[in-house]
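> One file: start_37.pdb (PDB, C-alpha atoms).
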ATOM      1  CA  ILE A   1     -19.563  -7.306  11.962
ATOM      2  CA  LEU A   2     -19.557  -9.846   9.132
ATOM      3  CA  ASN A   3     -23.298  -9.318   8.669
ATOM      4  CA  GLN A   4     -22.629  -5.618   8.101
ATOM      5  CA  LEU A   5     -20.404  -6.247   5.085
ATOM      6  CA  ALA A   6     -21.625  -4.880   1.779
ATOM      7  CA  PRO A   7     -22.545  -7.426  -0.933
ATOM      8  CA  TYR A   8     -19.435  -6.473  -2.919
ATOM      9  CA  ALA A   9     -17.103  -7.213   0.030
ATOM     10  CA  CYS A  10     -14.933 -10.310   0.258
ATOM     11  CA  ARG A  11     -16.032 -12.835   2.867
ATOM     12  CA  SER A  12     -13.551 -15.352   4.200
ATOM     13  CA  GLU A  13     -16.075 -18.203   3.954
ATOM     14  CA  ASN A  14     -16.317 -17.525   0.210
ATOM     15  CA  SER A  15     -12.570 -17.338  -0.341
ATOM     16  CA  ARG A  16     -11.101 -19.084  -3.373
ATOM     17  CA  GLY A  17      -8.954 -20.867  -0.840
ATOM     18  CA  ARG A  18      -5.315 -21.640  -0.262
ATOM     19  CA  ARG A  19      -2.768 -23.410  -2.450
ATOM     20  CA  TYR A  20      -2.596 -26.234   0.123
ATOM     21  CA  ASP A  21      -5.687 -27.407   2.024
ATOM     22  CA  GLU A  22      -5.727 -26.791   5.760
ATOM     23  CA  GLU A  23      -8.246 -27.200   8.548
ATOM     24  CA  ALA A  24     -10.311 -24.066   9.135
ATOM     25  CA  PRO A  25      -9.021 -21.806  11.934
ATOM     26  CA  VAL A  26     -10.830 -21.736  15.273
ATOM     27  CA  GLY A  27     -11.765 -18.401  16.819
ATOM     28  CA  ARG A  28     -10.649 -16.291  13.859
ATOM     29  CA  THR A  29     -11.434 -15.960  10.172
ATOM     30  CA  GLN A  30      -9.282 -17.104   7.262
ATOM     31  CA  PHE A  31      -8.224 -13.526   6.566
ATOM     32  CA  GLN A  32      -7.303 -12.986  10.222
ATOM     33  CA  ARG A  33      -5.095 -16.063   9.936
ATOM     34  CA  ASP A  34      -3.417 -14.501   6.888
ATOM     35  CA  ARG A  35      -2.801 -11.262   8.770
ATOM     36  CA  ASP A  36      -1.334 -13.146  11.727
ATOM     37  CA  ARG A  37       0.976 -15.223   9.529
ATOM     38  CA  ILE A  38       2.318 -12.105   7.839
ATOM     39  CA  VAL A  39       2.995 -10.316  11.130
ATOM     40  CA  HIS A  40       4.876 -13.330  12.542
ATOM     41  CA  CYS A  41       7.001 -14.109   9.476
ATOM     42  CA  ASN A  42      10.739 -13.405   9.162
ATOM     43  CA  ALA A  43      10.338 -11.089   6.165
ATOM     44  CA  PHE A  44       8.018  -8.806   8.143
ATOM     45  CA  ARG A  45      10.613  -8.344  10.887
ATOM     46  CA  ARG A  46      13.264  -7.554   8.291
ATOM     47  CA  LEU A  47      11.238  -4.505   7.228
ATOM     48  CA  GLU A  48      12.556  -2.770  10.347
ATOM     49  CA  TYR A  49      15.897  -2.171   8.609
ATOM     50  CA  LYS A  50      14.579  -1.445   5.117
ATOM     51  CA  THR A  51      13.850   2.229   4.591
ATOM     52  CA  GLN A  52      11.505   4.208   2.374
ATOM     53  CA  VAL A  53      13.841   6.982   1.249
ATOM     54  CA  PHE A  54      16.699   7.422   3.737
ATOM     55  CA  VAL A  55      19.198   4.791   4.832
ATOM     56  CA  ASN A  56      18.613   3.422   8.304
ATOM     57  CA  HIS A  57      21.566   4.986  10.124
ATOM     58  CA  GLU A  58      20.530   8.553   9.173
ATOM     59  CA  GLY A  59      18.130   8.697  12.122
ATOM     60  CA  ASP A  60      15.616   6.662  14.085
ATOM     61  CA  LEU A  61      12.689   8.971  13.251
ATOM     62  CA  PHE A  62      12.698   8.361   9.486
ATOM     63  CA  ARG A  63      10.183   5.882   8.114
ATOM     64  CA  THR A  64      11.174   2.275   7.589
ATOM     65  CA  ARG A  65       9.246  -0.217   5.501
ATOM     66  CA  LEU A  66       7.900  -1.611   8.764
ATOM     67  CA  THR A  67       6.479   1.653  10.107
ATOM     68  CA  HIS A  68       5.204   2.515   6.639
ATOM     69  CA  SER A  69       3.345  -0.811   6.408
ATOM     70  CA  LEU A  70       1.687  -0.180   9.778
ATOM     71  CA  GLU A  71       0.630   3.311   8.691
ATOM     72  CA  VAL A  72      -0.812   1.950   5.438
ATOM     73  CA  ALA A  73      -2.804  -0.653   7.384
ATOM     74  CA  GLN A  74      -4.235   2.036   9.666
ATOM     75  CA  ILE A  75      -5.406   4.196   6.762
ATOM     76  CA  ALA A  76      -6.714   1.165   4.862
ATOM     77  CA  ARG A  77      -8.763  -0.113   7.801
ATOM     78  CA  THR A  78     -10.440   3.286   8.122
ATOM     79  CA  LEU A  79     -11.346   3.210   4.426
ATOM     80  CA  ALA A  80     -12.552  -0.382   4.653
ATOM     81  CA  ARG A  81     -14.871   0.454   7.527
ATOM     82  CA  ASN A  82     -16.217   3.497   5.676
ATOM     83  CA  LEU A  83     -16.963   1.336   2.615
ATOM     84  CA  GLN A  84     -18.291  -1.692   4.574
ATOM     85  CA  VAL A  85     -15.759  -4.154   3.236
ATOM     86  CA  ASN A  86     -13.523  -6.693   4.956
ATOM     87  CA  GLU A  87     -11.138  -4.944   7.352
ATOM     88  CA  ASP A  88      -9.156  -8.110   8.125
ATOM     89  CA  LEU A  89      -8.413  -8.741   4.453
ATOM     90  CA  VAL A  90      -7.505  -5.086   3.879
ATOM     91  CA  GLU A  91      -5.109  -5.210   6.815
ATOM     92  CA  ALA A  92      -3.472  -8.441   5.640
ATOM     93  CA  ILE A  93      -2.941  -7.031   2.154
ATOM     94  CA  SER A  94      -1.615  -3.716   3.497
ATOM     95  CA  LEU A  95       1.022  -5.354   5.685
ATOM     96  CA  ALA A  96       2.523  -7.580   2.988
ATOM     97  CA  PRO A  97       3.372  -5.737  -0.289
ATOM     98  CA  ASP A  98       6.718  -4.408   0.973
ATOM     99  CA  LEU A  99       8.015  -7.850   2.034
ATOM    100  CA  GLY A 100       9.875  -8.163  -1.267
ATOM    101  CA  HIS A 101      11.497  -4.727  -1.237
ATOM    102  CA  THR A 102      15.254  -4.432  -1.294
ATOM    103  CA  PRO A 103      17.312  -2.612   1.311
ATOM    104  CA  PHE A 104      18.471   0.900   0.333
ATOM    105  CA  GLY A 105      15.057   1.947  -0.994
ATOM    106  CA  HIS A 106      14.635   2.836  -4.659
ATOM    107  CA  ALA A 107      18.396   2.757  -5.254
ATOM    108  CA  GLY A 108      18.646  -0.854  -4.073
ATOM    109  CA  GLN A 109      15.767  -1.895  -6.317
ATOM    110  CA  ASP A 110      17.299  -0.213  -9.378
ATOM    111  CA  GLU A 111      20.687  -1.811  -8.703
ATOM    112  CA  LEU A 112      19.221  -5.306  -8.295
ATOM    113  CA  ASN A 113      17.107  -4.869 -11.431
ATOM    114  CA  ASP A 114      20.179  -3.844 -13.448
ATOM    115  CA  SER A 115      22.210  -6.734 -12.046
ATOM    116  CA  MET A 116      19.521  -9.296 -12.868
ATOM    117  CA  ASN A 117      19.093  -7.956 -16.398
ATOM    118  CA  GLN A 118      22.836  -8.313 -16.974
ATOM    119  CA  ARG A 119      23.355 -11.725 -15.367
ATOM    120  CA  VAL A 120      20.035 -13.520 -15.947
ATOM    121  CA  PRO A 121      18.149 -11.591 -18.656
ATOM    122  CA  GLU A 122      15.658 -14.433 -19.032
ATOM    123  CA  ALA A 123      14.356 -13.613 -15.522
ATOM    124  CA  GLY A 124      12.948 -10.301 -16.738
ATOM    125  CA  GLY A 125      14.555  -8.087 -14.125
ATOM    126  CA  PHE A 126      13.412  -7.448 -10.565
ATOM    127  CA  GLU A 127       9.805  -6.671  -9.595
ATOM    128  CA  HIS A 128       9.386  -6.049  -5.884
ATOM    129  CA  ASN A 129       5.696  -6.991  -5.919
ATOM    130  CA  LEU A 130       6.530 -10.307  -7.552
ATOM    131  CA  GLN A 131       9.234 -10.842  -4.942
ATOM    132  CA  SER A 132       6.702 -10.113  -2.169
ATOM    133  CA  LEU A 133       4.471 -12.838  -3.598
ATOM    134  CA  ARG A 134       7.475 -15.169  -3.852
ATOM    135  CA  VAL A 135       8.240 -14.544  -0.167
ATOM    136  CA  VAL A 136       4.761 -15.577   0.986
ATOM    137  CA  ASP A 137       4.406 -18.400  -1.553
ATOM    138  CA  GLU A 138       7.841 -20.038  -1.381
ATOM    139  CA  LEU A 139      10.643 -18.398   0.595
ATOM    140  CA  GLU A 140       9.288 -18.339   4.144
ATOM    141  CA  GLU A 141      10.122 -21.579   5.980
ATOM    142  CA  ARG A 142       7.823 -21.792   9.001
ATOM    143  CA  TYR A 143       5.468 -24.696   8.378
ATOM    144  CA  ALA A 144       6.098 -28.419   8.112
ATOM    145  CA  SER A 145       3.517 -29.095   5.403
ATOM    146  CA  PHE A 146       4.376 -26.426   2.818
ATOM    147  CA  ASN A 147       6.742 -23.678   1.763
ATOM    148  CA  GLY A 148       5.695 -20.075   2.265
ATOM    149  CA  LEU A 149       2.728 -18.880   4.314
ATOM    150  CA  ASN A 150      -0.042 -20.544   2.262
ATOM    151  CA  LEU A 151      -2.178 -17.402   2.196
ATOM    152  CA  CYS A 152      -5.667 -17.131   0.740
ATOM    153  CA  PHE A 153      -6.050 -16.256  -2.939
ATOM    154  CA  GLU A 154      -7.601 -12.870  -2.074
ATOM    155  CA  THR A 155      -4.614 -11.844   0.045
ATOM    156  CA  ARG A 156      -2.102 -13.006  -2.572
ATOM    157  CA  GLU A 157      -4.033 -11.169  -5.284
ATOM    158  CA  GLY A 158      -3.857  -7.932  -3.287
ATOM    159  CA  ILE A 159      -0.127  -8.281  -2.643
ATOM    160  CA  LEU A 160       0.543  -8.438  -6.393
ATOM    161  CA  LYS A 161      -0.332  -4.825  -7.217
ATOM    162  CA  HIS A 162       1.804  -4.656 -10.369
ATOM    163  CA  CYS A 163       3.074  -7.382 -12.650
ATOM    164  CA  SER A 164       4.479  -7.599 -16.164
ATOM    165  CA  ARG A 165       2.481  -9.637 -18.663
ATOM    166  CA  ARG A 166       5.428 -11.991 -19.041
ATOM    167  CA  ASN A 167       5.498 -12.832 -15.340
ATOM    168  CA  ALA A 168       1.711 -12.921 -15.039
ATOM    169  CA  GLN A 169       1.604 -15.778 -17.539
ATOM    170  CA  ARG A 170       3.636 -17.896 -15.102
ATOM    171  CA  LEU A 171       1.522 -17.244 -12.022
ATOM    172  CA  GLY A 172      -1.717 -19.100 -12.712
ATOM    173  CA  ASP A 173      -4.928 -17.765 -11.188
ATOM    174  CA  VAL A 174      -3.322 -14.900  -9.273
ATOM    175  CA  GLY A 175      -1.874 -13.478 -12.511
ATOM    176  CA  GLU A 176      -5.025 -13.767 -14.610
ATOM    177  CA  ARG A 177      -6.268 -10.222 -14.055
ATOM    178  CA  PHE A 178      -3.126  -8.785 -15.631
ATOM    179  CA  LEU A 179      -3.866 -10.825 -18.758
ATOM    180  CA  ASN A 180      -7.641 -10.332 -19.035
ATOM    181  CA  ARG A 181      -7.583  -6.747 -17.658
ATOM    182  CA  THR A 182     -10.057  -7.251 -14.856
ATOM    183  CA  ARG A 183      -9.869  -5.620 -11.424
ATOM    184  CA  PRO A 184      -8.907  -7.013  -8.028
ATOM    185  CA  SER A 185     -11.248  -6.889  -5.033
ATOM    186  CA  ILE A 186     -12.377  -3.644  -3.423
ATOM    187  CA  GLU A 187     -10.123  -4.541  -0.503
ATOM    188  CA  ALA A 188      -7.066  -4.775  -2.769
ATOM    189  CA  GLN A 189      -7.959  -1.482  -4.449
ATOM    190  CA  ILE A 190      -8.234   0.197  -1.028
ATOM    191  CA  ALA A 191      -4.842  -1.110   0.121
ATOM    192  CA  ASN A 192      -3.212   0.176  -3.061
ATOM    193  CA  LEU A 193      -4.429   3.760  -2.619
ATOM    194  CA  ALA A 194      -3.892   3.720   1.160
ATOM    195  CA  ASP A 195      -0.252   2.997   0.331
ATOM    196  CA  GLU A 196      -0.160   6.075  -1.910
ATOM    197  CA  ILE A 197      -1.756   8.295   0.748
ATOM    198  CA  ALA A 198       0.730   7.088   3.352
ATOM    199  CA  TYR A 199       3.960   7.412   1.408
ATOM    200  CA  ASN A 200       3.158  10.790  -0.195
ATOM    201  CA  ASN A 201       2.365  12.432   3.110
ATOM    202  CA  HIS A 202       4.966  10.705   5.228
ATOM    203  CA  ASP A 203       7.708  11.351   2.685
ATOM    204  CA  ILE A 204       6.858  15.038   3.071
ATOM    205  CA  ASP A 205       7.385  14.637   6.805
ATOM    206  CA  ASP A 206      10.733  12.847   6.374
ATOM    207  CA  GLY A 207      11.822  15.252   3.622
ATOM    208  CA  LEU A 208      11.201  18.278   5.822
ATOM    209  CA  ARG A 209      12.873  16.612   8.805
ATOM    210  CA  SER A 210      15.981  15.943   6.675
ATOM    211  CA  GLY A 211      16.122  19.487   5.294
ATOM    212  CA  LEU A 212      16.149  18.264   1.675
ATOM    213  CA  ILE A 213      12.855  20.048   0.992
ATOM    214  CA  THR A 214      11.348  23.149   2.600
ATOM    215  CA  VAL A 215       7.917  24.436   3.528
ATOM    216  CA  ASP A 216       8.396  27.320   1.079
ATOM    217  CA  GLN A 217       8.889  24.830  -1.773
ATOM    218  CA  LEU A 218       5.823  22.837  -0.741
ATOM    219  CA  CYS A 219       3.696  25.983  -0.595
ATOM    220  CA  GLU A 220       3.904  26.084  -4.387
ATOM    221  CA  LEU A 221       1.649  22.985  -4.396
ATOM    222  CA  GLU A 222      -2.108  23.480  -4.170
ATOM    223  CA  LEU A 223      -2.730  20.475  -1.919
ATOM    224  CA  PHE A 224      -0.098  21.545   0.600
ATOM    225  CA  VAL A 225      -0.661  25.288   0.671
ATOM    226  CA  THR A 226      -4.420  24.896   1.195
ATOM    227  CA  HIS A 227      -3.798  22.955   4.397
ATOM    228  CA  PHE A 228      -0.855  25.140   5.408
ATOM    229  CA  GLU A 229      -3.096  28.208   5.314
ATOM    230  CA  GLY A 230      -5.886  26.357   7.134
ATOM    231  CA  VAL A 231      -3.574  25.345   9.979
ATOM    232  CA  ARG A 232      -2.144  28.875  10.147
ATOM    233  CA  ARG A 233      -5.642  30.356  10.518
ATOM    234  CA  ARG A 234      -6.547  27.902  13.257
ATOM    235  CA  TYR A 235      -3.198  27.966  15.094
ATOM    236  CA  PRO A 236      -1.486  31.283  14.207
ATOM    237  CA  ASP A 237       1.377  30.770  16.681
ATOM    238  CA  VAL A 238       2.254  27.136  15.953
ATOM    239  CA  GLN A 239       5.741  26.501  14.550
ATOM    240  CA  GLY A 240       8.186  23.740  13.650
ATOM    241  CA  ARG A 241       7.250  20.085  14.032
ATOM    242  CA  ARG A 242       3.781  20.855  15.379
ATOM    243  CA  LEU A 243       2.995  22.908  12.265
ATOM    244  CA  THR A 244       4.218  20.162   9.941
ATOM    245  CA  SER A 245       2.328  17.465  11.827
ATOM    246  CA  GLU A 246      -0.939  19.407  11.753
ATOM    247  CA  ILE A 247      -0.618  20.002   7.999
ATOM    248  CA  ILE A 248       0.113  16.361   7.218
ATOM    249  CA  ARG A 249      -2.664  15.137   9.498
ATOM    250  CA  ALA A 250      -5.132  17.441   7.734
ATOM    251  CA  MET A 251      -3.917  16.350   4.283
ATOM    252  CA  ILE A 252      -4.345  12.664   5.104
ATOM    253  CA  ASN A 253      -7.862  13.325   6.370
ATOM    254  CA  THR A 254      -8.764  15.268   3.204
ATOM    255  CA  LEU A 255      -7.485  12.458   0.971
ATOM    256  CA  VAL A 256      -9.301   9.761   2.952
ATOM    257  CA  VAL A 257     -12.584  11.695   2.910
ATOM    258  CA  ASP A 258     -12.308  12.402  -0.834
ATOM    259  CA  LEU A 259     -11.464   8.771  -1.607
ATOM    260  CA  THR A 260     -14.411   7.565   0.485
ATOM    261  CA  ARG A 261     -16.917   9.932  -1.114
ATOM    262  CA  THR A 262     -15.751   9.295  -4.674
ATOM    263  CA  THR A 263     -15.714   5.533  -4.182
ATOM    264  CA  LEU A 264     -19.206   5.537  -2.672
ATOM    265  CA  ALA A 265     -20.408   7.503  -5.711
ATOM    266  CA  ASN A 266     -18.748   4.974  -8.037
ATOM    267  CA  LEU A 267     -20.344   2.094  -6.158
ATOM    268  CA  ALA A 268     -23.758   3.759  -6.379
ATOM    269  CA  GLN A 269     -23.293   4.233 -10.123
ATOM    270  CA  HIS A 270     -22.094   0.724 -10.987
ATOM    271  CA  LYS A 271     -24.051  -1.158  -8.274
ATOM    272  CA  PRO A 272     -21.795  -4.216  -7.889
ATOM    273  CA  ALA A 273     -23.749  -7.003  -6.192
ATOM    274  CA  SER A 274     -20.796  -9.363  -5.715
ATOM    275  CA  VAL A 275     -17.024  -9.623  -5.748
ATOM    276  CA  ASP A 276     -17.235 -10.878  -9.333
ATOM    277  CA  ASP A 277     -19.115  -7.695 -10.304
ATOM    278  CA  VAL A 278     -16.260  -5.656  -8.820
ATOM    279  CA  ARG A 279     -13.753  -7.566 -10.926
ATOM    280  CA  GLN A 280     -15.642  -6.762 -14.120
ATOM    281  CA  ALA A 281     -16.293  -3.104 -13.288
ATOM    282  CA  PRO A 282     -13.965  -0.152 -13.927
ATOM    283  CA  GLN A 283     -11.681   0.950 -11.085
ATOM    284  CA  LEU A 284     -14.114   1.707  -8.264
ATOM    285  CA  VAL A 285     -11.830   2.911  -5.481
ATOM    286  CA  ALA A 286     -10.618   6.274  -6.716
ATOM    287  CA  PHE A 287     -10.013   9.923  -5.910
ATOM    288  CA  SER A 288     -12.079  12.653  -7.492
ATOM    289  CA  TRP A 289     -10.590  14.167 -10.646
ATOM    290  CA  SER A 290      -9.520  17.359  -8.865
ATOM    291  CA  MET A 291      -7.935  15.459  -5.961
ATOM    292  CA  ARG A 292      -6.117  13.091  -8.303
ATOM    293  CA  LYS A 293      -4.690  16.141 -10.086
ATOM    294  CA  ARG A 294      -3.454  17.683  -6.833
ATOM    295  CA  ALA A 295      -2.068  14.382  -5.527
ATOM    296  CA  GLY A 296      -0.276  13.826  -8.831
ATOM    297  CA  GLU A 297       1.320  17.252  -8.545
ATOM    298  CA  LEU A 298       2.590  16.336  -5.079
ATOM    299  CA  LYS A 299       3.963  12.997  -6.302
ATOM    300  CA  ARG A 300       5.887  14.684  -9.129
ATOM    301  CA  PHE A 301       7.306  17.219  -6.696
ATOM    302  CA  LEU A 302       8.609  14.479  -4.398
ATOM    303  CA  HIS A 303      10.236  12.611  -7.281
ATOM    304  CA  GLU A 304      12.002  15.697  -8.555
ATOM    305  CA  ASN A 305      12.984  17.286  -5.256
ATOM    306  CA  LEU A 306      13.360  14.409  -2.779
ATOM    307  CA  TYR A 307      13.826  10.972  -4.373
ATOM    308  CA  ARG A 308      16.187  12.341  -7.036
ATOM    309  CA  HIS A 309      17.888  14.904  -4.831
ATOM    310  CA  TYR A 310      21.621  14.809  -5.394
TER     311      TYR A 310
END
Please, can you express the file's structure as structure tokens?

Amino acid sequence: ILNQLAPYACRSENSRGRRYDEEAPVGRTQFQRDRDRIVHCNAFRRLEYKTQVFVNHEGDLFRTRLTHSLEVAQIARTLARNLQVNEDLVEAISLAPDLGHTPFGHAGQDELNDSMNQRVPEAGGFEHNLQSLRVVDELEERYASFNGLNLCFETREGILKHCSRRNAQRLGDVGERFLNRTRPSIEAQIANLADEIAYNNHDIDDGLRSGLITVDQLCELELFVTHFEGVRRRYPDVQGRRLTSEIIRAMINTLVVDLTRTTLANLAQHKPASVDDVRQAPQLVAFSWSMRKRAGELKRFLHENLYRHY
């Protein structure tokens, strides 16, 4: 499988390494080791009780940060295989970015950010991506030789999807791209957009299940109504949860196919021959213009009608 990787893919043997030297793993790659360490850490288990939108006691069918992370990893691995890049690295990155999220979803993050700005303004507020990096770099206590999980640079880089310039200046090599405006690896770019595909579509599912949004409202959106009508033509008698599930499944497939095709076209245009070429290129993993427009419309709808619902 490693021999099938594209030249622009990350290879574990070419990793920039770990913060603390360790013997190479036996029977698995460095990125597999990263994935395994994330899955076994305390912060990963805590994701079971942190929710995306709804609080945990509202029902056991709503997404938690844990189930969301697994769904992101599934979508990301599909994209990685389509683009011939490192599936193990993509999976490791996909499983870790939510480790630093607060309980109580967006409301918990806003409250903690306000509290930090009032009590310790010099800290610069709360950034959940920075906290995720802090968890894997310092806060986990599992190993005798070091704090944190001692992950590879490439995994840590992918976890830090967003970062203020002020905080980036404190982070050394992993913060450099936010200062010099370069790009992360293809694998990190995939994980970022797989996260978007997962939460947009699954928040529709949870929103409909809760009754806070309706199918009639969603049918005002081009991306949704196109798939609604397609499912209706194919299954004219389907109703309820089966209808919703078929629509969401079709939407995810459409987004994955569009992202794959557009990214392959970008790769053919820019012809990156190495990971360093990827870092210097424009954003390569991307939706088509028309799909980005439709996905943006859906994201705005969810903010206005679900996340900010009274």
> Name the residues captured by the PyMOL selection byres ((chain A and resi 259) around 8) when it is applied to the shown file; answer as a list of chain:residue names.
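Matching residues under the PyMOL selection byres ((chain A and resi 259) around 8) are A:Leu255, A:Val256, A:Val257, A:Asp258, A:Thr260, A:Arg261, A:Thr262, A:Thr263, A:Val285, A:Ala286, A:Phe287, A:Ser288.
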> Using the chain letters and numbering of this document, enumerate as a count of residues only the residues selected by the PyMOL selection byres ((chain A and resi 214-216) around 12).
31
> To verify the selection step, state as a ChimeraX atom specification which residues the PyMOL selection byres ((chain A and resi 188) around 12) yields on this input.
/A:9-10,73,76-77,79-80,85-97,153-162,183-187,189-195,275,278-279,283-285
> Could you work out how far CA of Asp98 (chain A) lies from CA of Arg65 (chain A), giving the answer in Å with one decimal?
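Computed distance, CA of Arg65 (chain A) to CA of Asp98 (chain A), equals 6.7 Å.
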> State, in Å with one decimal place, the distance from CA of Tyr143 (chain A) to CA of Leu130 (chain A).
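For CA of Tyr143 (chain A) relative to CA of Leu130 (chain A), the distance reads 21.5 Å.
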> Could you complete region 45-52 of chain A so that it carries all heavy atoms, and give it back as a compact mmCIF listing (two decimals), in the coordinates of the input?

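This went into out15.txt:
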# COMPACT_ATOMS: atom_id res chain seq x y z
N ARG A 45 9.67 -8.93 9.93
CA ARG A 45 10.61 -8.34 10.89
C ARG A 45 11.76 -7.64 10.17
O ARG A 45 12.30 -6.64 10.66
CB ARG A 45 11.14 -9.43 11.83
CG ARG A 45 10.10 -9.95 12.80
CD ARG A 45 10.73 -10.76 13.92
NE ARG A 45 11.34 -11.99 13.44
CZ ARG A 45 10.66 -13.12 13.21
NH1 ARG A 45 9.35 -13.14 13.38
NH2 ARG A 45 11.28 -14.21 12.81
N ARG A 46 12.16 -8.18 9.03
CA ARG A 46 13.26 -7.55 8.29
C ARG A 46 12.91 -6.16 7.78
O ARG A 46 13.81 -5.37 7.46
CB ARG A 46 13.66 -8.43 7.10
CG ARG A 46 14.36 -9.72 7.49
CD ARG A 46 15.00 -10.39 6.28
NE ARG A 46 15.59 -11.66 6.65
CZ ARG A 46 15.04 -12.85 6.37
NH1 ARG A 46 13.91 -12.92 5.70
NH2 ARG A 46 15.64 -13.96 6.74
N LEU A 47 11.64 -5.83 7.70
CA LEU A 47 11.24 -4.50 7.23
C LEU A 47 11.73 -3.40 8.15
O LEU A 47 11.80 -2.24 7.75
CB LEU A 47 9.71 -4.43 7.11
CG LEU A 47 9.05 -5.35 6.07
CD1 LEU A 47 7.54 -5.17 6.11
CD2 LEU A 47 9.58 -5.07 4.68
N GLU A 48 12.08 -3.76 9.38
CA GLU A 48 12.56 -2.77 10.35
C GLU A 48 13.82 -2.06 9.85
O GLU A 48 14.06 -0.90 10.18
CB GLU A 48 12.84 -3.45 11.69
CG GLU A 48 13.33 -2.51 12.77
CD GLU A 48 13.57 -3.21 14.10
OE1 GLU A 48 13.41 -4.45 14.15
OE2 GLU A 48 13.91 -2.51 15.06
N TYR A 49 14.63 -2.75 9.06
CA TYR A 49 15.90 -2.17 8.61
C TYR A 49 15.88 -1.81 7.13
O TYR A 49 16.91 -1.44 6.57
CB TYR A 49 17.04 -3.14 8.92
CG TYR A 49 17.24 -3.30 10.41
CD1 TYR A 49 16.82 -4.45 11.05
CD2 TYR A 49 17.79 -2.27 11.17
CE1 TYR A 49 16.96 -4.59 12.43
CE2 TYR A 49 17.94 -2.40 12.54
CZ TYR A 49 17.53 -3.56 13.17
OH TYR A 49 17.67 -3.67 14.52
N LYS A 50 14.73 -1.90 6.50
CA LYS A 50 14.58 -1.44 5.12
C LYS A 50 13.85 -0.11 5.17
O LYS A 50 12.82 0.03 5.82
CB LYS A 50 13.78 -2.45 4.29
CG LYS A 50 14.46 -3.80 4.13
CD LYS A 50 13.62 -4.75 3.31
CE LYS A 50 14.29 -6.11 3.17
NZ LYS A 50 13.48 -7.05 2.37
N THR A 51 14.39 0.88 4.47
CA THR A 51 13.85 2.23 4.59
C THR A 51 13.12 2.66 3.33
O THR A 51 13.31 2.10 2.26
CB THR A 51 14.98 3.24 4.89
OG1 THR A 51 16.05 3.02 3.98
CG2 THR A 51 15.48 3.07 6.31
N GLN A 52 12.26 3.66 3.49
CA GLN A 52 11.50 4.21 2.37
C GLN A 52 12.40 5.03 1.45
O GLN A 52 12.48 4.80 0.26
CB GLN A 52 10.39 5.11 2.90
CG GLN A 52 9.23 4.40 3.53
CD GLN A 52 8.37 3.68 2.50
OE1 GLN A 52 8.51 2.49 2.27
NE2 GLN A 52 7.50 4.41 1.85
